[in-house]
file upload_31.txt (compact mmCIF, C-alpha atoms)
# COMPACT_ATOMS: atom_id res chain seq x y z
CA MET A 28 319.21 104.70 153.81
CA SER A 29 318.45 102.06 151.20
CA ASN A 30 315.79 104.37 149.88
CA LYS A 31 318.35 107.12 149.47
CA SER A 32 320.98 104.98 147.76
CA CYS A 33 318.33 103.83 145.33
CA GLN A 34 317.54 107.41 144.47
CA MET A 35 321.24 107.72 143.61
CA CYS A 36 321.25 104.67 141.36
CA ASP A 37 318.05 105.89 139.77
CA ILE A 38 319.68 109.20 138.95
CA ALA A 39 322.75 107.39 137.63
CA LYS A 40 320.77 105.10 135.38
CA THR A 41 318.59 107.88 134.04
CA GLN A 42 321.45 110.26 133.34
CA VAL A 43 323.94 107.83 131.83
CA VAL A 44 321.68 105.45 129.93
CA ARG A 45 318.04 106.33 129.59
CA GLU A 46 318.19 110.08 129.15
CA ASN A 47 321.76 110.48 127.96
CA GLN A 48 322.28 114.19 127.44
CA VAL A 49 324.07 113.91 124.12
CA LEU A 50 322.23 111.07 122.43
CA ARG A 51 318.74 111.52 123.84
CA GLN A 52 318.44 115.23 124.53
CA VAL A 53 320.87 116.31 121.80
CA LEU A 54 322.53 118.83 124.11
CA GLY A 55 326.16 119.83 124.40
CA ILE A 56 326.86 118.92 120.82
CA CYS A 57 329.42 121.60 119.94
CA SER A 58 332.19 120.30 122.12
CA SER A 59 331.31 116.63 121.75
CA LEU A 60 331.97 116.96 118.05
CA ALA A 61 335.02 119.15 118.24
CA VAL A 62 337.23 117.37 120.76
CA THR A 63 336.56 113.76 119.81
CA ASN A 64 339.45 113.26 117.42
CA SER A 65 341.60 111.88 120.23
CA LEU A 66 340.79 109.88 123.36
CA ASN A 67 343.01 112.01 125.59
CA ASN A 68 341.19 115.20 124.71
CA SER A 69 337.79 113.56 125.16
CA LEU A 70 338.69 112.21 128.58
CA VAL A 71 339.97 115.56 129.83
CA MET A 72 337.01 117.42 128.36
CA GLY A 73 334.52 114.92 129.78
CA LEU A 74 335.97 115.04 133.27
CA GLY A 75 336.16 118.82 133.16
CA LEU A 76 332.53 119.06 132.15
CA SER A 77 331.45 116.55 134.82
CA PHE A 78 333.26 118.62 137.44
CA VAL A 79 331.62 121.85 136.31
CA THR A 80 328.15 120.35 135.98
CA ALA A 81 328.28 118.63 139.38
CA LEU A 82 329.57 121.61 141.31
CA SER A 83 327.45 124.23 139.59
CA SER A 84 324.33 122.10 140.15
CA PHE A 85 325.33 121.76 143.79
CA THR A 86 325.94 125.48 144.23
CA LEU A 87 322.84 126.58 142.39
CA SER A 88 320.71 124.12 144.29
CA ALA A 89 322.09 125.38 147.60
CA MET A 90 321.30 128.95 146.57
CA ARG A 91 317.97 128.16 144.93
CA ASP A 92 315.87 129.92 147.55
CA ILE A 93 317.82 133.16 147.56
CA ILE A 94 318.18 133.73 143.82
CA PRO A 95 315.50 136.09 142.56
CA HIS A 96 313.62 134.39 139.75
CA ARG A 97 314.17 137.18 137.23
CA VAL A 98 317.95 137.19 137.32
CA ARG A 99 318.49 133.47 137.69
CA MET A 100 319.89 133.00 134.18
CA LEU A 101 322.56 135.58 134.92
CA VAL A 102 323.43 133.99 138.27
CA GLN A 103 323.59 130.55 136.66
CA THR A 104 325.91 131.76 133.96
CA LEU A 105 328.18 133.45 136.48
CA VAL A 106 328.40 130.38 138.74
CA ILE A 107 329.17 128.17 135.76
CA ALA A 108 331.80 130.62 134.52
CA VAL A 109 333.56 130.57 137.89
CA TYR A 110 333.92 126.78 137.81
CA VAL A 111 335.02 126.84 134.18
CA ILE A 112 337.79 129.25 135.16
CA PHE A 113 338.95 126.71 137.78
CA VAL A 114 339.10 123.99 135.13
CA ASP A 115 340.85 126.25 132.64
CA LEU A 116 343.52 127.37 135.10
CA PHE A 117 344.05 123.78 136.29
CA LEU A 118 344.57 122.57 132.72
CA GLN A 119 346.91 125.43 131.88
CA ALA A 120 349.00 124.66 134.94
CA TYR A 121 349.17 120.87 134.86
CA LEU A 122 348.29 119.78 131.32
CA PRO A 123 349.49 122.65 129.13
CA GLU A 124 349.73 120.41 126.04
CA ILE A 125 346.08 119.36 126.17
CA SER A 126 344.98 122.84 127.18
CA LYS A 127 346.50 124.18 123.99
CA GLN A 128 344.83 121.51 121.86
CA LEU A 129 341.40 122.06 123.41
CA GLY A 130 341.86 125.79 122.83
CA PRO A 131 338.62 127.74 123.11
CA TYR A 132 336.53 124.66 123.79
CA VAL A 133 337.37 124.75 127.50
CA GLY A 134 335.95 128.25 127.74
CA LEU A 135 332.99 127.12 125.71
CA ILE A 136 331.95 124.77 128.53
CA ILE A 137 330.19 127.91 129.82
CA THR A 138 327.74 127.82 126.95
CA ASN A 139 327.36 124.05 127.02
CA CYS A 140 323.62 123.51 127.21
CA ILE A 141 323.94 120.41 129.42
CA ILE A 142 324.97 122.45 132.45
CA MET A 143 322.28 125.09 132.08
CA GLY A 144 319.80 122.31 131.32
CA ARG A 145 320.58 120.43 134.54
CA ALA A 146 320.52 123.65 136.54
CA GLU A 147 317.09 124.54 135.19
CA ALA A 148 315.53 121.09 135.14
CA PHE A 149 316.89 119.52 138.30
CA ALA A 150 318.91 121.77 140.59
CA GLN A 151 316.14 124.33 140.87
CA LYS A 152 313.72 121.91 142.47
CA ASN A 153 315.97 119.56 144.43
CA PRO A 154 318.29 119.68 147.45
CA PRO A 155 322.05 120.10 146.91
CA VAL A 156 323.29 116.51 147.30
CA PRO A 157 321.00 114.85 144.75
CA ALA A 158 321.69 117.82 142.46
CA LEU A 159 325.43 117.18 142.81
CA PHE A 160 324.99 113.57 141.75
CA ASP A 161 322.57 114.45 139.01
CA GLY A 162 325.09 116.84 137.53
CA LEU A 163 327.94 114.40 138.00
CA PHE A 164 326.18 111.56 136.23
CA ALA A 165 324.93 113.81 133.45
CA GLY A 166 328.58 114.72 132.92
CA LEU A 167 329.70 111.11 133.05
CA GLY A 168 327.05 110.13 130.48
CA TYR A 169 328.48 112.85 128.25
CA THR A 170 332.00 111.53 128.89
CA ALA A 171 330.95 108.00 127.93
CA VAL A 172 329.59 109.16 124.59
CA LEU A 173 332.68 111.27 123.95
CA LEU A 174 334.99 108.34 124.66
CA PHE A 175 333.01 106.02 122.40
CA VAL A 176 333.04 108.47 119.49
CA SER A 177 336.70 109.27 119.88
CA LEU A 178 337.58 105.56 120.15
CA ILE A 179 336.12 105.03 116.68
CA ARG A 180 337.74 108.17 115.31
CA GLU A 181 341.17 107.62 116.83
CA VAL A 182 341.48 103.94 115.93
CA LEU A 183 340.40 104.45 112.35
CA GLY A 184 341.94 107.88 111.87
CA PHE A 185 345.35 107.51 113.53
CA GLY A 186 345.52 103.77 114.28
CA THR A 187 346.16 104.51 117.97
CA ILE A 188 344.40 104.19 121.34
CA PHE A 189 345.36 106.89 123.87
CA GLY A 190 348.35 107.56 121.64
CA MET A 191 349.54 103.93 121.66
CA ASN A 192 349.92 102.31 118.30
CA VAL A 193 347.41 99.50 117.70
CA ASN A 194 347.72 99.42 113.96
CA PHE A 195 349.20 95.90 113.86
CA LEU A 196 347.69 94.94 110.54
CA GLY A 197 349.14 98.01 108.90
CA PHE A 198 345.89 99.20 107.40
CA THR A 199 345.79 102.62 105.79
CA THR A 200 344.35 105.10 108.27
CA TRP A 201 341.26 106.99 107.19
CA THR A 202 342.02 110.68 107.07
CA ILE A 203 338.31 111.47 106.91
CA MET A 204 337.91 110.15 110.46
CA ILE A 205 339.95 112.97 111.96
CA MET A 206 338.19 115.59 109.85
CA PRO A 207 334.89 117.21 110.88
CA PRO A 208 332.44 115.20 108.69
CA ALA A 209 333.19 111.91 110.46
CA ALA A 210 332.06 113.39 113.79
CA PHE A 211 328.72 114.36 112.28
CA PHE A 212 328.26 110.94 110.71
CA ILE A 213 329.15 108.96 113.84
CA ILE A 214 326.95 110.92 116.26
CA GLY A 215 324.14 111.03 113.69
CA SER A 216 324.27 107.27 113.24
CA MET A 217 324.33 106.67 117.00
CA ILE A 218 321.21 108.77 117.50
CA TRP A 219 319.57 107.06 114.53
CA PHE A 220 320.39 103.61 115.90
CA LEU A 221 319.02 104.41 119.36
CA ASN A 222 315.83 105.91 117.94
CA ALA A 223 315.26 102.96 115.64
CA ARG A 224 315.75 100.54 118.53
CA GLY A 225 313.37 102.56 120.69
CA LEU A 226 310.75 102.44 117.93
CA LYS A 227 311.11 98.68 117.56
CA LYS A 228 310.71 98.16 121.29
CA SER A 229 307.60 100.28 121.54
CA ALA A 230 306.02 99.01 118.31
CA PRO A 231 304.48 95.76 119.71
CA LYS A 232 302.98 97.69 122.62
CA ALA A 233 301.30 100.09 120.24
CA LYS A 234 299.37 97.25 118.65
CA MET B 21 349.46 140.05 115.51
CA PRO B 22 349.48 137.74 112.51
CA ASN B 23 349.72 139.60 109.24
CA ILE B 24 346.70 138.27 107.40
CA ASN B 25 344.69 140.40 105.07
CA PRO B 26 341.27 141.01 106.69
CA ILE B 27 339.57 140.29 103.37
CA ILE B 28 341.11 136.82 103.36
CA ILE B 29 339.92 136.24 106.91
CA PHE B 30 336.46 137.28 105.81
CA PHE B 31 336.24 134.75 102.98
CA ALA B 32 338.06 132.02 104.85
CA SER B 33 335.66 132.19 107.76
CA ILE B 34 332.72 131.76 105.41
CA ILE B 35 334.13 128.96 103.30
CA THR B 36 337.13 127.09 104.61
CA SER B 37 336.74 127.44 108.35
CA ASN B 38 333.01 127.70 108.55
CA MET B 39 331.71 128.03 112.12
CA VAL B 40 329.37 125.07 111.92
CA LEU B 41 330.99 122.81 109.39
CA SER B 42 334.56 122.88 110.61
CA ASN B 43 334.49 124.32 114.14
CA PHE B 44 331.19 122.84 115.34
CA LEU B 45 330.07 126.05 116.97
CA GLY B 46 326.45 127.00 117.52
CA MET B 47 325.20 123.49 116.91
CA CYS B 48 322.29 123.53 119.38
CA SER B 49 320.24 126.24 117.73
CA TYR B 50 321.55 125.18 114.33
CA LEU B 51 319.85 121.80 114.68
CA SER B 52 316.72 122.86 116.52
CA VAL B 53 315.75 125.94 114.51
CA SER B 54 316.35 124.59 111.03
CA SER B 55 313.09 122.94 110.04
CA GLU B 56 311.74 126.07 108.31
CA TYR B 57 313.63 128.15 105.80
CA LYS B 58 312.07 131.43 106.89
CA THR B 59 312.82 131.02 110.58
CA ALA B 60 316.33 129.89 109.77
CA THR B 61 316.87 133.08 107.78
CA GLY B 62 315.70 135.18 110.73
CA LEU B 63 318.01 133.43 113.16
CA GLY B 64 320.93 133.61 110.74
CA MET B 65 320.42 137.35 110.35
CA ALA B 66 320.24 137.87 114.11
CA VAL B 67 323.37 135.80 114.74
CA THR B 68 325.31 137.73 112.10
CA LEU B 69 324.27 141.07 113.58
CA VAL B 70 325.15 140.09 117.15
CA LEU B 71 328.43 138.47 116.08
CA VAL B 72 329.72 141.58 114.34
CA ILE B 73 328.87 143.88 117.24
CA THR B 74 330.06 141.58 120.05
CA THR B 75 333.30 140.68 118.34
CA ALA B 76 334.17 144.34 117.87
CA LEU B 77 333.10 145.22 121.40
CA ASN B 78 334.93 142.30 122.98
CA TRP B 79 338.07 143.25 121.07
CA VAL B 80 337.90 146.74 122.56
CA VAL B 81 337.21 145.35 126.03
CA TYR B 82 340.06 142.88 125.75
CA LYS B 83 342.54 145.44 124.49
CA PHE B 84 341.66 148.34 126.77
CA VAL B 85 340.31 146.71 129.92
CA ILE B 86 341.50 143.14 130.32
CA LEU B 87 345.07 143.54 129.08
CA PRO B 88 346.00 146.77 130.94
CA LEU B 89 344.49 145.52 134.21
CA ASP B 90 346.09 142.10 133.72
CA ILE B 91 342.90 140.23 134.59
CA GLY B 92 343.12 137.59 131.88
CA TYR B 93 341.79 134.97 134.27
CA LEU B 94 338.47 136.83 134.39
CA GLN B 95 338.09 136.99 130.64
CA TYR B 96 335.33 134.36 130.36
CA ILE B 97 333.12 136.14 132.85
CA ILE B 98 333.73 139.52 131.23
CA PHE B 99 333.09 138.29 127.69
CA ILE B 100 329.88 136.50 128.63
CA MET B 101 328.62 139.58 130.50
CA VAL B 102 329.37 141.79 127.51
CA ILE B 103 327.47 139.41 125.25
CA ALA B 104 324.48 139.11 127.59
CA ALA B 105 324.30 142.86 128.17
CA LEU B 106 324.66 143.65 124.49
CA VAL B 107 321.89 141.27 123.47
CA GLN B 108 319.61 142.84 126.06
CA ILE B 109 320.37 146.38 124.90
CA LEU B 110 320.03 145.39 121.26
CA GLU B 111 316.61 143.92 121.92
CA MET B 112 315.40 147.02 123.72
CA ALA B 113 316.83 149.38 121.11
CA MET B 114 315.31 147.37 118.30
CA ASP B 115 311.93 147.33 120.01
CA ARG B 116 312.05 151.13 120.33
CA TYR B 117 313.47 152.19 116.98
CA MET B 118 312.93 149.33 114.54
CA PRO B 119 309.70 147.57 115.51
CA ASP B 120 309.49 145.82 112.12
CA LEU B 121 312.85 144.21 112.52
CA HIS B 122 312.10 143.45 116.15
CA ALA B 123 308.97 141.57 115.19
CA LYS B 124 311.09 139.50 112.83
CA LEU B 125 314.18 138.87 114.96
CA GLY B 126 312.95 139.56 118.49
CA ILE B 127 312.21 135.98 119.47
CA PHE B 128 315.68 134.84 118.43
CA LEU B 129 317.68 137.37 120.37
CA PRO B 130 317.46 135.77 123.85
CA LEU B 131 318.44 132.44 122.30
CA ILE B 132 321.63 133.97 121.02
CA THR B 133 323.20 134.66 124.41
CA VAL B 134 323.75 130.96 124.91
CA ASN B 135 324.73 130.30 121.31
CA CYS B 136 328.29 129.08 121.58
CA ALA B 137 329.22 130.57 118.20
CA ILE B 138 329.26 134.05 119.75
CA LEU B 139 331.58 133.23 122.63
CA GLY B 140 333.56 130.88 120.36
CA VAL B 141 334.37 133.61 117.84
CA THR B 142 335.50 135.91 120.64
CA LEU B 143 337.77 133.24 122.11
CA PHE B 144 339.26 132.33 118.74
CA MET B 145 339.92 136.01 118.12
CA VAL B 146 341.79 136.30 121.43
CA ILE B 147 343.78 133.10 120.90
CA ARG B 148 344.82 134.09 117.38
CA SER B 149 345.46 137.69 118.55
CA TYR B 150 343.73 139.43 115.67
CA GLY B 151 343.78 143.20 115.22
CA PHE B 152 340.61 145.28 115.16
CA LEU B 153 339.87 145.16 111.45
CA GLN B 154 340.74 141.48 111.30
CA SER B 155 338.39 140.76 114.21
CA LEU B 156 335.60 142.72 112.60
CA MET B 157 335.96 140.80 109.35
CA TYR B 158 336.25 137.54 111.25
CA GLY B 159 332.99 138.24 113.11
CA LEU B 160 331.18 139.25 109.94
CA GLY B 161 332.45 136.29 107.95
CA SER B 162 331.66 133.81 110.70
CA GLY B 163 328.14 135.16 111.00
CA LEU B 164 327.54 134.94 107.27
CA GLY B 165 329.03 131.45 107.19
CA TRP B 166 326.74 130.33 109.99
CA TRP B 167 323.78 131.88 108.19
CA LEU B 168 324.72 130.10 104.97
CA ALA B 169 325.00 126.75 106.74
CA ILE B 170 321.68 127.01 108.59
CA ASN B 171 319.90 128.13 105.43
CA MET B 172 321.29 125.23 103.45
CA LEU B 173 320.26 122.75 106.12
CA ALA B 174 316.78 124.26 106.37
CA ALA B 175 316.35 124.16 102.59
CA ILE B 176 317.37 120.50 102.45
CA ARG B 177 315.11 119.61 105.36
CA GLU B 178 312.14 121.33 103.71
CA LYS B 179 312.73 119.30 100.56
CA LEU B 180 312.91 116.12 102.62
CA ALA B 181 309.72 116.86 104.56
CA ASN B 182 307.61 114.66 102.31
CA ALA B 183 310.24 112.06 101.53
CA LYS B 184 309.95 108.52 102.80
CA LEU B 185 312.70 108.05 105.38
CA PRO B 186 313.97 104.98 107.20
CA PRO B 187 312.43 104.65 110.68
CA GLY B 188 314.13 106.53 113.50
CA ILE B 189 316.23 108.86 111.38
CA SER B 190 313.94 111.88 111.35
CA GLY B 191 314.88 114.73 113.67
CA PRO B 192 318.39 115.41 114.90
CA ALA B 193 319.95 112.27 113.39
CA LEU B 194 318.98 113.43 109.91
CA GLY B 195 320.30 116.91 110.65
CA PHE B 196 323.67 115.47 111.65
CA ILE B 197 323.99 113.29 108.57
CA ILE B 198 323.03 116.10 106.19
CA THR B 199 325.53 118.37 107.93
CA GLY B 200 328.19 115.68 107.60
CA ILE B 201 327.65 115.54 103.85
CA MET B 202 327.72 119.35 103.69
CA ALA B 203 330.96 119.42 105.67
CA MET B 204 332.46 116.89 103.30
CA ALA B 205 331.51 119.07 100.35
CA PHE B 206 333.09 122.09 102.04
CA ILE B 207 336.37 120.20 102.46
CA GLY B 208 336.59 120.62 98.71
CA PHE B 209 337.29 124.33 99.30
CA SER B 210 340.22 123.70 101.61
CA GLY B 211 343.49 125.11 100.40
CA ILE B 212 341.95 128.18 98.78
CA PHE B 213 342.69 130.20 101.93
CA THR B 214 344.46 129.27 105.12
CA ILE B 215 344.16 131.29 108.29
CA GLN B 216 345.25 128.86 110.99

call {"tool": "encode", "arguments": {"input": "upload_31.txt", "output": "structure tokens"}}
result
Amino acid sequence: MSNKSCQMCDIAKTQVVRENQVLRQVLGICSSLAVTNSLNNSLVMGLGLSFVTALSSFTLSAMRDIIPHRVRMLVQTLVIAVYVIFVDLFLQAYLPEISKQLGPYVGLIITNCIIMGRAEAFAQKNPPVPALFDGLFAGLGYTAVLLFVSLIREVLGFGTIFGMNVNFLGFTTWTIMIMPPAAFFIIGSMIWFLNARGLKKSAPKAK
Amino acid sequence: MPNINPIIIFFASIITSNMVLSNFLGMCSYLSVSSEYKTATGLGMAVTLVLVITTALNWVVYKFVILPLDIGYLQYIIFIMVIAALVQILEMAMDRYMPDLHAKLGIFLPLITVNCAILGVTLFMVIRSYGFLQSLMYGLGSGLGWWLAINMLAAIREKLANAKLPPGISGPALGFIITGIMAMAFIGFSGIFTIQ
């Protein structure tokens, strides 16, 4: 039992911190850039993606022995699309406001490389339950990055956090932060920072 | 159907609402296949070709299959199947009739199925309820805009290949920052056309 729970925490640590899908693997970039101009959108998008990744990894792992190798891409895409339709219908029914703001990006979860990546790299070789957690934590790692980026963008761009005003000092909000370039700069700098830190850590060993 | 001149949609989707620089679509292949100018040109050409055909085809499918049968909730599955099938057919047809072009673009075609720009353009077209000609121009313009962006990035990266860079920035981080600067430059065009 302890062995099993440690496999879980291993998966969690790898997916959220060490091999973060966005910052380390540079996957799933499209949506992480597009929806991060407000925290609400990022949260909904992140949870939606975690749901789809977890369940599609679970399903594909359960079916991994009966899918013919040659058509597996097609099967993967179809399974993912089914779960994305769940998310889309749920958002349209219960959060119509956010659904409208996210627009096509909910549908674009289908082509998010994180999901296909987890299905190919992990779910194909592992039993369903670890695959479920692997997908879930990959999604949560993505959510964490999204929330961090949108925190910077929302505070500086609108002066709000989750729509609540925090602009007590009355500084002038930076319009550039809610425009596309800021997203590129922030994610670029985060990847740069992590790489530079990784280089520094490994430099003494190399000597 | 919004009454926008298709020509305006064409130019707007290249300049003011560029796929990459303002809608963030197709980023994965944009970043990973942009270290060489020549390869970038090949991919850009392939994306443009597929975009034009799939957008037109998906418009027809949406109008004459999805709407009359009232199966809007299946639209994602249908669109993605149309795209996957079309890319497959295109690859086979190209191999048979245009081997030269196939040698040039063949390796990029499978990559394109999962390029989110393709599905993204289709979904934007449905949400904005464009007519046929508008959709065609939107697909063409988006493809050319994507091509322009990836060629610019590849050209800049080739120039930077021998430059001395700060540690850790090379690779995707550099791609992001260059793209950020490009996007900022493209904001300068905003206001010329508006389509949203």

call {"tool": "residues_around", "arguments": {"input": "upload_31.txt", "residues": "segment 155-163 of chain A", "least_positions_apart": "6", "cutoff": "12 Å", "atoms": "all atoms listed in the file", "output": "mmCIF file with C-alpha atoms, in the coordinates of the input"}}
result
data_model
loop_
_atom_site.group_PDB
_atom_site.id
_atom_site.type_symbol
_atom_site.label_atom_id
_atom_site.label_comp_id
_atom_site.auth_asym_id
_atom_site.auth_seq_id
_atom_site.Cartn_x
_atom_site.Cartn_y
_atom_site.Cartn_z
ATOM 1 C CA LYS A 31 318.350 107.120 149.470
ATOM 2 C CA SER A 32 320.980 104.980 147.760
ATOM 3 C CA CYS A 33 318.330 103.830 145.330
ATOM 4 C CA GLN A 34 317.540 107.410 144.470
ATOM 5 C CA MET A 35 321.240 107.720 143.610
ATOM 6 C CA CYS A 36 321.250 104.670 141.360
ATOM 7 C CA ASP A 37 318.050 105.890 139.770
ATOM 8 C CA ILE A 38 319.680 109.200 138.950
ATOM 9 C CA ALA A 39 322.750 107.390 137.630
ATOM 10 C CA LYS A 40 320.770 105.100 135.380
ATOM 11 C CA THR A 41 318.590 107.880 134.040
ATOM 12 C CA GLN A 42 321.450 110.260 133.340
ATOM 13 C CA VAL A 43 323.940 107.830 131.830
ATOM 14 C CA GLU A 46 318.190 110.080 129.150
ATOM 15 C CA ASN A 47 321.760 110.480 127.960
ATOM 16 C CA GLN A 48 322.280 114.190 127.440
ATOM 17 C CA GLY A 73 334.520 114.920 129.780
ATOM 18 C CA LEU A 74 335.970 115.040 133.270
ATOM 19 C CA GLY A 75 336.160 118.820 133.160
ATOM 20 C CA LEU A 76 332.530 119.060 132.150
ATOM 21 C CA SER A 77 331.450 116.550 134.820
ATOM 22 C CA PHE A 78 333.260 118.620 137.440
ATOM 23 C CA VAL A 79 331.620 121.850 136.310
ATOM 24 C CA THR A 80 328.150 120.350 135.980
ATOM 25 C CA ALA A 81 328.280 118.630 139.380
ATOM 26 C CA LEU A 82 329.570 121.610 141.310
ATOM 27 C CA SER A 83 327.450 124.230 139.590
ATOM 28 C CA SER A 84 324.330 122.100 140.150
ATOM 29 C CA PHE A 85 325.330 121.760 143.790
ATOM 30 C CA THR A 86 325.940 125.480 144.230
ATOM 31 C CA LEU A 87 322.840 126.580 142.390
ATOM 32 C CA SER A 88 320.710 124.120 144.290
ATOM 33 C CA ALA A 89 322.090 125.380 147.600
ATOM 34 C CA MET A 90 321.300 128.950 146.570
ATOM 35 C CA ARG A 91 317.970 128.160 144.930
ATOM 36 C CA ASP A 92 315.870 129.920 147.550
ATOM 37 C CA ILE A 141 323.940 120.410 129.420
ATOM 38 C CA ILE A 142 324.970 122.450 132.450
ATOM 39 C CA MET A 143 322.280 125.090 132.080
ATOM 40 C CA GLY A 144 319.800 122.310 131.320
ATOM 41 C CA ARG A 145 320.580 120.430 134.540
ATOM 42 C CA ALA A 146 320.520 123.650 136.540
ATOM 43 C CA GLU A 147 317.090 124.540 135.190
ATOM 44 C CA ALA A 148 315.530 121.090 135.140
ATOM 45 C CA PHE A 149 316.890 119.520 138.300
ATOM 46 C CA TYR A 169 328.480 112.850 128.250
ATOM 47 C CA THR A 170 332.000 111.530 128.890
#

call {"tool": "atom_distance", "arguments": {"input": "upload_31.txt", "atom1": "atom CA of Leu105 of chain A", "atom2": "atom CA of Gly130 of chain A"}}
result
20.8 Å

call {"tool": "atom_distance", "arguments": {"input": "upload_31.txt", "atom1": "atom CA of Glu111 of chain B", "atom2": "atom CA of Val67 of chain B"}}
result
12.8 Å

call {"tool": "interface_residues", "arguments": {"input": "upload_31.txt", "of": "chain B", "to": "chain A", "cutoff": "9 Å", "atoms": "all atoms listed in the file", "output": "MDAnalysis selection string"}}
result
chainID B and resid 40:48 93:97 100:101 104 133:136 139:141 143:144 147 186:190 192:204 207

call {"tool": "closest_residue", "arguments": {"input": "upload_31.txt", "among": "A:Ile205, A:Met100, A:Val49, A:Val193", "to": "Gln151 of chain A", "atoms": "all atoms listed in the file"}}
result
A:Met100

call {"tool": "atom_distance", "arguments": {"input": "upload_31.txt", "atom1": "atom CA of Val176 of chain A", "atom2": "atom CA of Met204 of chain A"}}
result
10.4 Å

call {"tool": "residues_near_point", "arguments": {"input": "upload_31.txt", "point": "(344.4, 136.2, 115.5)", "cutoff": "12 Å", "atoms": "all atoms listed in the file", "output": "PyMOL selection string"}}
result
chain B and resi 21-26+29+79+141-159+215-216

call {"tool": "closest_residue", "arguments": {"input": "upload_31.txt", "among": "A:Leu167, A:Arg180, A:Lys152, A:Asn67", "to": "Ile125 of chain A", "atoms": "only C-alpha atoms"}}
result
A:Asn67

call {"tool": "residues_near_point", "arguments": {"input": "upload_31.txt", "point": "(349.2, 104.2, 120.2)", "cutoff": "12 Å", "atoms": "only C-alpha atoms", "output": "list in words"}}
result
Ser65, Leu66, Asn67, Leu178, Glu181, Val182, Leu183, Gly184, Phe185, Gly186, Thr187, Ile188, Phe189, Gly190, Met191, Asn192, Val193, Asn194 and Phe195 of chain A

call {"tool": "write_last_selection", "arguments": {"input": "upload_31.txt", "atoms": "C-alpha atoms", "output": "PDB file, in the frame of the given file"}}
result
ATOM      1  CA  SER A  65     341.600 111.880 120.230  1.00  0.00           C
ATOM      2  CA  LEU A  66     340.790 109.880 123.360  1.00  0.00           C
ATOM      3  CA  ASN A  67     343.010 112.010 125.590  1.00  0.00           C
ATOM      4  CA  LEU A 178     337.580 105.560 120.150  1.00  0.00           C
ATOM      5  CA  GLU A 181     341.170 107.620 116.830  1.00  0.00           C
ATOM      6  CA  VAL A 182     341.480 103.940 115.930  1.00  0.00           C
ATOM      7  CA  LEU A 183     340.400 104.450 112.350  1.00  0.00           C
ATOM      8  CA  GLY A 184     341.940 107.880 111.870  1.00  0.00           C
ATOM      9  CA  PHE A 185     345.350 107.510 113.530  1.00  0.00           C
ATOM     10  CA  GLY A 186     345.520 103.770 114.280  1.00  0.00           C
ATOM     11  CA  THR A 187     346.160 104.510 117.970  1.00  0.00           C
ATOM     12  CA  ILE A 188     344.400 104.190 121.340  1.00  0.00           C
ATOM     13  CA  PHE A 189     345.360 106.890 123.870  1.00  0.00           C
ATOM     14  CA  GLY A 190     348.350 107.560 121.640  1.00  0.00           C
ATOM     15  CA  MET A 191     349.540 103.930 121.660  1.00  0.00           C
ATOM     16  CA  ASN A 192     349.920 102.310 118.300  1.00  0.00           C
ATOM     17  CA  VAL A 193     347.410  99.500 117.700  1.00  0.00           C
ATOM     18  CA  ASN A 194     347.720  99.420 113.960  1.00  0.00           C
ATOM     19  CA  PHE A 195     349.200  95.900 113.860  1.00  0.00           C
TER      20      PHE A 195
END

call {"tool": "closest_residue", "arguments": {"input": "upload_31.txt", "among": "B:Ser52, B:Leu71, B:Met65, B:Ser210", "to": "Ser37 of chain B", "atoms": "only C-alpha atoms"}}
result
B:Ser210

call {"tool": "closest_residue", "arguments": {"input": "upload_31.txt", "among": "B:Leu110, B:Leu51, B:Ala169, B:Leu87", "to": "Leu125 of chain B", "atoms": "only C-alpha atoms"}}
result
B:Leu110

call {"tool": "build_atoms", "arguments": {"input": "upload_31.txt", "residues": "segment 48-56 of chain B", "atoms": "N, CA and C atoms", "output": "PDB file, in the frame of the given file"}}
result
ATOM      1  N   CYS B  48     323.594 123.751 118.743  1.00  0.00           N
ATOM      2  CA  CYS B  48     322.290 123.530 119.380  1.00  0.00           C
ATOM      3  C   CYS B  48     321.181 124.220 118.601  1.00  0.00           C
ATOM      4  N   SER B  49     321.316 125.545 118.428  1.00  0.00           N
ATOM      5  CA  SER B  49     320.240 126.240 117.730  1.00  0.00           C
ATOM      6  C   SER B  49     320.260 125.901 116.244  1.00  0.00           C
ATOM      7  N   TYR B  50     321.443 125.567 115.738  1.00  0.00           N
ATOM      8  CA  TYR B  50     321.550 125.180 114.330  1.00  0.00           C
ATOM      9  C   TYR B  50     320.663 123.984 114.030  1.00  0.00           C
ATOM     10  N   LEU B  51     320.661 122.991 114.923  1.00  0.00           N
ATOM     11  CA  LEU B  51     319.850 121.800 114.680  1.00  0.00           C
ATOM     12  C   LEU B  51     318.385 122.023 115.014  1.00  0.00           C
ATOM     13  N   SER B  52     318.118 122.815 116.096  1.00  0.00           N
ATOM     14  CA  SER B  52     316.720 122.860 116.520  1.00  0.00           C
ATOM     15  C   SER B  52     315.904 123.908 115.783  1.00  0.00           C
ATOM     16  N   VAL B  53     316.534 124.903 115.177  1.00  0.00           N
ATOM     17  CA  VAL B  53     315.750 125.940 114.510  1.00  0.00           C
ATOM     18  C   VAL B  53     315.910 125.853 112.995  1.00  0.00           C
ATOM     19  N   SER B  54     316.093 124.649 112.462  1.00  0.00           N
ATOM     20  CA  SER B  54     316.350 124.590 111.030  1.00  0.00           C
ATOM     21  C   SER B  54     315.284 123.840 110.264  1.00  0.00           C
ATOM     22  N   SER B  55     314.077 123.691 110.826  1.00  0.00           N
ATOM     23  CA  SER B  55     313.090 122.940 110.040  1.00  0.00           C
ATOM     24  C   SER B  55     312.340 123.840 109.065  1.00  0.00           C
ATOM     25  N   GLU B  56     312.423 125.164 109.243  1.00  0.00           N
ATOM     26  CA  GLU B  56     311.740 126.070 108.310  1.00  0.00           C
ATOM     27  C   GLU B  56     312.734 127.066 107.756  1.00  0.00           C
TER      28      GLU B  56
END
